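Reproduced below: input04.txt, with compact mmCIF, C-alpha atoms.
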# COMPACT_ATOMS: atom_id res chain seq x y z
CA MET L 619 -10.67 -4.54 -15.38
CA ILE L 620 -8.10 -1.76 -14.93
CA LEU L 621 -9.07 1.78 -15.80
CA ARG L 622 -6.21 3.94 -17.03
CA VAL L 623 -7.70 7.37 -17.46
CA PRO L 624 -6.65 10.78 -16.16
CA PRO L 625 -7.94 11.59 -12.65
CA HIS L 626 -10.41 14.22 -13.92
CA SER L 627 -11.92 11.62 -16.28
CA ARG L 628 -12.16 8.71 -13.82
CA MET L 629 -15.71 9.38 -12.64
CA ARG L 630 -16.89 9.99 -16.21
CA ALA L 631 -15.38 6.62 -17.25
CA LEU L 632 -17.00 4.84 -14.31
CA ARG L 633 -20.47 6.26 -15.05
CA GLY L 634 -20.87 4.05 -18.10
CA MET L 635 -20.04 0.88 -16.19
CA GLY L 636 -23.15 0.35 -14.09
CA SER L 637 -24.30 1.42 -10.63
CA ARG L 638 -22.20 -1.11 -8.66
CA THR L 639 -19.01 0.00 -10.38
CA LEU L 640 -19.98 3.65 -9.96
CA SER L 641 -20.41 3.09 -6.22
CA LEU L 642 -17.04 1.31 -6.02
CA GLY L 643 -15.51 4.05 -8.16
CA ARG L 644 -16.68 6.76 -5.77
CA LYS L 645 -15.19 4.86 -2.83
CA MET L 646 -11.96 4.40 -4.79
CA LEU L 647 -11.77 8.11 -5.60
CA ASP L 648 -12.51 9.06 -1.99
CA SER L 649 -9.74 6.82 -0.69
CA MET L 650 -7.27 8.07 -3.30
CA ARG L 651 -7.54 11.62 -1.96
CA ASP L 652 -5.64 10.37 1.11
CA ASN L 653 -2.69 9.30 -1.05
CA LEU L 654 -1.72 12.64 -2.61
CA PRO L 655 0.64 13.39 -4.26
CA ARG L 656 0.15 10.66 -6.85
CA GLY L 657 1.72 9.92 -10.19
CA THR L 658 5.28 9.24 -11.27
CA ILE L 659 8.67 10.44 -10.13
CA CYS L 660 11.15 9.32 -12.79
CA ILE L 661 14.51 7.96 -11.71
CA GLU L 662 16.21 11.08 -13.09
CA ASP L 663 14.34 13.13 -10.44
CA LEU L 664 14.84 10.82 -7.44
CA GLU L 665 17.16 11.79 -4.60
CA ILE L 666 18.42 9.91 -1.55
CA GLY L 667 16.10 10.64 1.37
CA LEU L 668 13.05 11.54 -0.74
CA ALA L 669 10.06 10.14 1.16
CA ARG L 670 6.31 9.59 0.78
CA SER L 671 3.66 8.02 3.00
CA VAL L 672 0.04 7.00 3.21
CA SER L 673 -2.18 6.43 6.25
CA LYS L 674 -5.18 4.14 6.55
CA THR L 675 -7.37 2.96 9.39
CA ILE L 676 -7.66 -0.83 9.14
CA SER L 677 -11.32 -1.80 9.42
CA ASP L 678 -13.10 -5.10 9.98
CA ALA L 679 -14.28 -4.81 6.36
CA ASP L 680 -10.66 -4.45 5.16
CA ILE L 681 -9.66 -7.60 7.04
CA ALA L 682 -12.65 -9.56 5.73
CA ALA L 683 -12.02 -8.39 2.15
CA PHE L 684 -8.33 -9.27 2.39
CA ALA L 685 -9.24 -12.72 3.71
CA GLU L 686 -11.49 -13.27 0.69
CA ILE L 687 -8.98 -11.96 -1.85
CA SER L 688 -5.99 -13.79 -0.37
CA THR L 689 -7.96 -16.91 0.70
CA ASP L 690 -6.24 -16.58 4.11
CA HIS L 691 -9.09 -17.30 6.54
CA ASN L 692 -6.89 -17.87 9.59
CA PRO L 693 -9.23 -17.40 12.58
CA VAL L 694 -6.69 -15.15 14.33
CA HIS L 695 -7.84 -12.52 11.81
CA LEU L 696 -11.55 -13.29 11.69
CA ASP L 697 -12.76 -14.94 14.91
CA GLU L 698 -12.53 -12.89 18.12
CA ASP L 699 -13.27 -15.87 20.40
CA TYR L 700 -10.50 -17.90 18.81
CA ALA L 701 -8.07 -14.95 18.77
CA GLN L 702 -8.62 -14.25 22.50
CA ASP L 703 -6.82 -17.51 23.29
CA THR L 704 -3.73 -16.65 21.20
CA ILE L 705 -0.56 -14.77 22.10
CA PHE L 706 -2.26 -11.65 20.65
CA ALA L 707 -5.29 -11.81 23.00
CA GLY L 708 -7.54 -10.56 20.20
CA ARG L 709 -7.93 -10.34 16.46
CA ILE L 710 -5.12 -8.95 14.32
CA ALA L 711 -4.93 -7.82 10.71
CA HIS L 712 -3.11 -9.92 8.15
CA GLY L 713 0.55 -8.92 8.03
CA MET L 714 0.39 -8.71 4.26
CA LEU L 715 -2.59 -6.34 4.47
CA THR L 716 -0.34 -3.97 6.41
CA ALA L 717 2.48 -4.57 3.91
CA SER L 718 0.14 -3.77 1.03
CA LEU L 719 0.14 -0.14 2.17
CA ILE L 720 3.86 -0.04 1.31
CA SER L 721 2.94 -1.29 -2.16
CA ALA L 722 0.39 1.54 -2.40
CA VAL L 723 3.06 4.14 -1.66
CA ILE L 724 5.52 2.58 -4.13
CA GLY L 725 2.97 2.12 -6.92
CA GLU L 726 1.20 5.44 -6.51
CA GLN L 727 3.75 7.91 -5.15
CA LEU L 728 7.41 6.87 -4.89
CA PRO L 729 8.49 6.25 -7.57
CA GLY L 730 4.83 5.83 -8.59
CA HIS L 731 3.06 4.76 -11.74
CA GLY L 732 5.19 2.49 -13.93
CA THR L 733 7.31 1.17 -11.05
CA VAL L 734 8.03 -2.58 -11.11
CA TYR L 735 8.70 -4.50 -7.88
CA LEU L 736 11.90 -6.59 -8.00
CA GLY L 737 12.05 -7.60 -4.35
CA GLN L 738 10.81 -6.87 -0.85
CA SER L 739 12.02 -7.88 2.60
CA LEU L 740 9.66 -7.56 5.56
CA LYS L 741 10.01 -7.97 9.30
CA PHE L 742 6.80 -7.89 11.32
CA MET L 743 7.50 -6.15 14.64
CA ALA L 744 4.07 -5.81 16.29
CA PRO L 745 0.45 -6.68 15.50
CA VAL L 746 -2.02 -4.37 13.79
CA ARG L 747 -5.54 -4.57 15.18
CA PRO L 748 -8.89 -3.62 13.68
CA GLY L 749 -9.32 0.12 14.15
CA ASP L 750 -5.57 0.88 14.16
CA ARG L 751 -4.40 3.73 11.95
CA VAL L 752 -1.36 2.55 10.01
CA GLU L 753 1.08 4.95 8.39
CA ALA L 754 3.23 3.39 5.66
CA GLN L 755 6.45 5.33 5.06
CA VAL L 756 8.81 4.80 2.13
CA SER L 757 12.09 6.63 1.52
CA VAL L 758 14.83 6.41 -1.09
CA GLN L 759 17.89 4.67 0.36
CA ALA L 760 20.04 4.05 -2.77
CA ILE L 761 19.84 4.70 -6.52
CA ASP L 762 21.55 2.81 -9.35
CA TYR L 763 20.84 5.15 -12.27
CA ALA L 764 22.55 2.93 -14.86
CA ARG L 765 20.31 -0.07 -14.06
CA ARG L 766 17.23 2.00 -13.04
CA ARG L 767 17.22 0.23 -9.65
CA VAL L 768 16.08 2.01 -6.52
CA THR L 769 16.39 0.64 -2.99
CA LEU L 770 13.66 1.90 -0.67
CA ASP L 771 13.50 1.85 3.12
CA CYS L 772 9.99 0.80 4.14
CA ARG L 773 8.20 0.92 7.47
CA CYS L 774 4.69 0.93 8.87
CA LEU L 775 3.77 2.56 12.15
CA VAL L 776 0.78 2.59 14.46
CA GLY L 777 1.31 5.77 16.43
CA ASP L 778 4.99 5.72 17.41
CA THR L 779 5.24 1.91 17.26
CA VAL L 780 7.00 0.38 14.25
CA VAL L 781 4.83 -2.60 13.31
CA LEU L 782 6.65 -3.56 10.11
CA LYS L 783 10.00 -2.68 8.55
CA GLY L 784 11.85 -3.76 5.47
CA GLU L 785 13.45 -2.85 2.20
CA ALA L 786 12.19 -2.86 -1.37
CA LEU L 787 14.10 -3.02 -4.64
CA VAL L 788 12.25 -1.57 -7.62
CA LEU L 789 12.77 -0.81 -11.26
CA ALA L 790 11.93 2.88 -11.55
CA PRO L 791 10.33 4.58 -14.53
CA SER L 792 12.64 6.69 -16.69
CA ARG L 793 11.97 9.49 -19.13
CA LYS L 794 14.55 7.84 -21.45
CA PHE L 795 12.75 4.50 -21.76
CA ASP L 796 9.10 4.90 -20.76

Structure translated into structure tokens:
Amino acid sequence: MILRVPPHSRMRALRGMGSRTLSLGRKMLDSMRDNLPRGTICIEDLEIGLARSVSKTISDADIAAFAEISTDHNPVHLDEDYAQDTIFAGRIAHGMLTASLISAVIGEQLPGHGTVYLGQSLKFMAPVRPGDRVEAQVSVQAIDYARRRVTLDCRCLVGDTVVLKGEALVLAPSRKFD
């Protein structure tokens, strides 16, 4: 179920949905505070170089939840004993879990709500480990106003190390059509 209510009404909407949902809703609201500013930047207001980011510490619980959702139970992500004998010498987060932070920036901030993914290229540069703080950065690289297409430079960093880089092509919201 997707709730589409204004931010000030979110908790009120969640209250009527049971205690489990209320608990999840509080966690969701707490995590969203890290993503400000949120909303929509219409294509008419975008400029080359405009950038947004989000940071998140990747926890064991995040990795386990992603494994369940994605059905990717590769032991390099979940089993420390197994992972010790790999090139990584320890557990690593799923690459797509890291990449999902780029999706969070695109869908929540730049361009934001109403954006539709058309394509994404990714190059994984270094592993992300449980406990690493990942910063996903997205910036406007090119704009095709006539077709509402925006090319975005995307990267994720742990400290000063680029762990993922790529490019996204999106259909941006427009005041004329949305």

I'd like the neighbourhood of range 775-784 of chain L as an mmCIF file with C-alpha atoms, in the frame of the given file, where a residue qualifies if any of its atoms comes within 6 Å (using all atoms listed in the file), though same-chain residues fewer than 5 positions away should be ignored.
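Saved the output as result.cif:
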data_model
loop_
_atom_site.group_PDB
_atom_site.id
_atom_site.type_symbol
_atom_site.label_atom_id
_atom_site.label_comp_id
_atom_site.auth_asym_id
_atom_site.auth_seq_id
_atom_site.Cartn_x
_atom_site.Cartn_y
_atom_site.Cartn_z
ATOM 1 C CA SER L 739 12.020 -7.880 2.600
ATOM 2 C CA LEU L 740 9.660 -7.560 5.560
ATOM 3 C CA LYS L 741 10.010 -7.970 9.300
ATOM 4 C CA PHE L 742 6.800 -7.890 11.320
ATOM 5 C CA MET L 743 7.500 -6.150 14.640
ATOM 6 C CA ALA L 744 4.070 -5.810 16.290
ATOM 7 C CA ARG L 751 -4.400 3.730 11.950
ATOM 8 C CA VAL L 752 -1.360 2.550 10.010
ATOM 9 C CA GLU L 753 1.080 4.950 8.390
#

message = Report as number ranges by chain all protein, DNA and RNA residues lying within 12 Å of Ser688 in chain L, evaluated on all atoms listed in the file, omitting residues in the same chain fewer than 2 positions from it.
response = L: 680-686, 690-692, 712-715, 718

Restricted to C-alpha atoms, what would the selected residues look like written as a compact mmCIF listing (two decimals), in the coordinates of the input?
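again-v1.txt written:
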# COMPACT_ATOMS: atom_id res chain seq x y z
CA ASP L 680 -10.66 -4.45 5.16
CA ILE L 681 -9.66 -7.60 7.04
CA ALA L 682 -12.65 -9.56 5.73
CA ALA L 683 -12.02 -8.39 2.15
CA PHE L 684 -8.33 -9.27 2.39
CA ALA L 685 -9.24 -12.72 3.71
CA GLU L 686 -11.49 -13.27 0.69
CA ASP L 690 -6.24 -16.58 4.11
CA HIS L 691 -9.09 -17.30 6.54
CA ASN L 692 -6.89 -17.87 9.59
CA HIS L 712 -3.11 -9.92 8.15
CA GLY L 713 0.55 -8.92 8.03
CA MET L 714 0.39 -8.71 4.26
CA LEU L 715 -2.59 -6.34 4.47
CA SER L 718 0.14 -3.77 1.03

key: Using all atoms listed in the file: which of L:Arg765, L:Leu789, L:Phe706, L:Gly657 has the shortest distance to Ala722 in chain L   =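 Closest to Ala722 in chain L, using all atoms listed in the file: L:Gly657.
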
Exercise: range 658-668 of chain L partners within 12 Å, only C-alpha atoms, chain neighbours under 6 positions left out, as number ranges by chain = L: 723-733, 755-772, 788-796

task = Between CA of Val734 in chain L and CA of Thr716 in chain L, measure the distance and give it in Å to one decimal.
result =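 Atom-to-atom, CA of Val734 in chain L and CA of Thr716 in chain L are spaced 19.5 Å apart.
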
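CA of Asp750 in chain L is found 13.1 Å from CA of Gly708 in chain L.
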
ask   = Please, what distance in Å, to one decimal, runs between CA of Lys674 in chain L and CA of Leu719 in chain L?
value = 8.1 Å

For Gln738 in chain L: contacts at 7 Å, all atoms listed in the file, fewer than 5 positions along chain excluded, given as number ranges by chain = L: 785-787
